[in-house]
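Contents: one structure, followed by commentary.
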Amino acid sequence: MKDSIKKFCLRTLLAALPVFLFMAFYAFVDPFHIVHPITSDEQGRDSVIVGSNAGLTSVETYLLYNGKYHYDSFILGSSMSQNFKASYWKPYLDSTASILHFDASSETLTGIINKMNFLNDHGTTIKNALIVIEVEMLERQPIEDNILFIQHPATSGTKNWFKLHTLHFNAFRDLTQVKYTLFPSRFKEEMLNHNMLANNAPDRIAQLNEIYYGKIDSIISECPDNFFTPQLLAKRKHAILPIVSQPAIDENVEEHLKHIKQILDKNRTNYIILVPPCNNRPQLQWQDLWTIKAIFGDEKVHDFSSHPDLVFNERAYYDNLGHLISAKCKMLLDSAYYEQQHHAIKNPYFKLKN
């Protein structure tokens, strides 16, 4: 009987050994930076790989660097907010402002609320905020079953830890999901084929959690035709701008916006809200713009979603996803602060009741 039990245990261990070895390999490689937290060397470079979950990276960057930089100013939004650079925003803030990009891929209003609460829970006052809300964010719901979009458990609840690790381990089991990390050249190749990146993956400033396309921006600045080639432009399919017949803001979305406003008021935040344009995406409906301005204040909200020089301008975007080139982001930011400071371009339809 004892021999039978020993044989059973031995066979069970042998059968489980490949699983344990695979789990150990996953923990060692840690392609998604989930098992091991972000670390930095003496030069201040961190271990984040561009292309991983941006929301997780934002939180981990805060946890890693906040003790040194004491962040008090945050750029919030989806990837559409990344090209509004800290250096563009800095001149409009106090000289002591410490900026962090606190974004997430396909960010939602819920995600922004969770991040703001996370900051307050960690003793950080949100002194300044630049909030970029593209039109699609108003209807977007949190995606918690995808490794690129699941929220950090520190912002969404500790019960999300198990789900986070399970999702990433299961993704690692499918080598097609992890090939970009194990074989970076494949990442670049497929991004080029899908016209998502032109010829370079972005660089990153660690302590700002800021990505940028240094080489591409130089080319666009010096000789834009070398970037916006006929071949590149031919791949970009432009259709008639979609018409949204119904406003995107319902009672639930309005409550989320009011919740954000409450947090901003609690922190006495100096903030500004931008609605950027996006090629082949809906414009912000006037009813939604009125609601947003009614909540946050007419002078705080700046809608560029129908900007005539940008919506159909193929040379205003890095890619088909609608990411504005950084020079255009600077232009919009400067324009918004000019309107705010000089009370320019006042729209009588959005005068609020006293």
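Following the order of the structure tokens, first chain is A, next is B, and so on, with residues numbered from 1 inside each chain and ligands from 1 in the order they appear.
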*asked:* Show me, as a VMD selection string, the residues that have an atom within 12 Å of Ile325 of chain A when counting only C-alpha atoms, minus same-chain residues fewer than 4 positions from it.
replied: chain A and resid 80 to 85 212 to 214 216 to 221 224 227 to 228 276 to 278 310 313 to 321 329 to 332
_segment 92-100 of chain A environment, 8 Å, only C-alpha atoms, sequence neighbours closer than 2 positions dropped, as a list of chain:residue names_ = A:Tyr62, A:Tyr69, A:His70, A:Tyr71, A:Asp72, A:Ser73, A:Phe74, A:Ile75, A:Ala86, A:Trp89, A:Lys90, A:Phe102, A:Asn128, A:Gln207, A:Leu208, A:Asn209, A:Glu210, A:Tyr337
Writing out the chosen residues with C-alpha atoms as a PDB file, in the first residue's frame:
ATOM      1  CA  TYR A  62       4.431  56.738  -9.189  1.00  0.00           C
ATOM      2  CA  TYR A  69       9.984  63.759  -7.006  1.00  0.00           C
ATOM      3  CA  HIS A  70       6.887  64.355  -4.842  1.00  0.00           C
ATOM      4  CA  TYR A  71       4.474  64.586  -7.751  1.00  0.00           C
ATOM      5  CA  ASP A  72       1.694  67.144  -7.527  1.00  0.00           C
ATOM      6  CA  SER A  73       0.714  67.665 -11.188  1.00  0.00           C
ATOM      7  CA  PHE A  74      -0.811  64.955 -13.359  1.00  0.00           C
ATOM      8  CA  ILE A  75      -1.649  64.456 -17.023  1.00  0.00           C
ATOM      9  CA  ALA A  86       5.269  67.850 -19.591  1.00  0.00           C
ATOM     10  CA  TRP A  89       2.490  72.189 -19.817  1.00  0.00           C
ATOM     11  CA  LYS A  90       5.208  73.279 -17.402  1.00  0.00           C
ATOM     12  CA  PHE A 102      -0.763  59.212 -15.183  1.00  0.00           C
ATOM     13  CA  ASN A 128      -2.586  70.671 -11.071  1.00  0.00           C
ATOM     14  CA  GLN A 207      10.479  59.790 -13.954  1.00  0.00           C
ATOM     15  CA  LEU A 208       7.848  61.558 -16.086  1.00  0.00           C
ATOM     16  CA  ASN A 209       6.360  58.298 -17.404  1.00  0.00           C
ATOM     17  CA  GLU A 210       6.500  60.090 -20.749  1.00  0.00           C
ATOM     18  CA  TYR A 337      -4.503  78.499 -22.080  1.00  0.00           C
TER      19      TYR A 337
END
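Between atom CA of Ile263 of chain A and atom CA of Ser156 of chain A the interatomic distance comes to 16.7 Å.
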*Two-atom distance - atom CA of Ile113 of chain A, atom CA of Phe162 of chain A (Å)*: 22.2 Å
_d(atom CA of Gln341 of chain A, atom CA of Val135 of chain A) in Å_ =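 For atom CA of Gln341 of chain A relative to atom CA of Val135 of chain A, the distance reads 24.8 Å.
Minimum distance to Leu264 of chain A across A:Phe296, A:Phe28, A:Trp290, A:Phe118 (counting only C-alpha atoms) occurs at A:Phe296.
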*Mind checking DSSP for segment 86-308 of chain A and telling me the alpha helix (DSSP H) residues as a ChimeraX atom specification?*
/A:86-89,109-121,153-156,160-173,175-182,184-193,214-222,230-235,251-267,286-296
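Of the residues in segment 224-307 of chain A, those given strand (DSSP E or B) by DSSP on the backbone are Asn270, Tyr271, Ile272, Ile273, Leu274, Val275, Val301, His302 and Asp303 of chain A.
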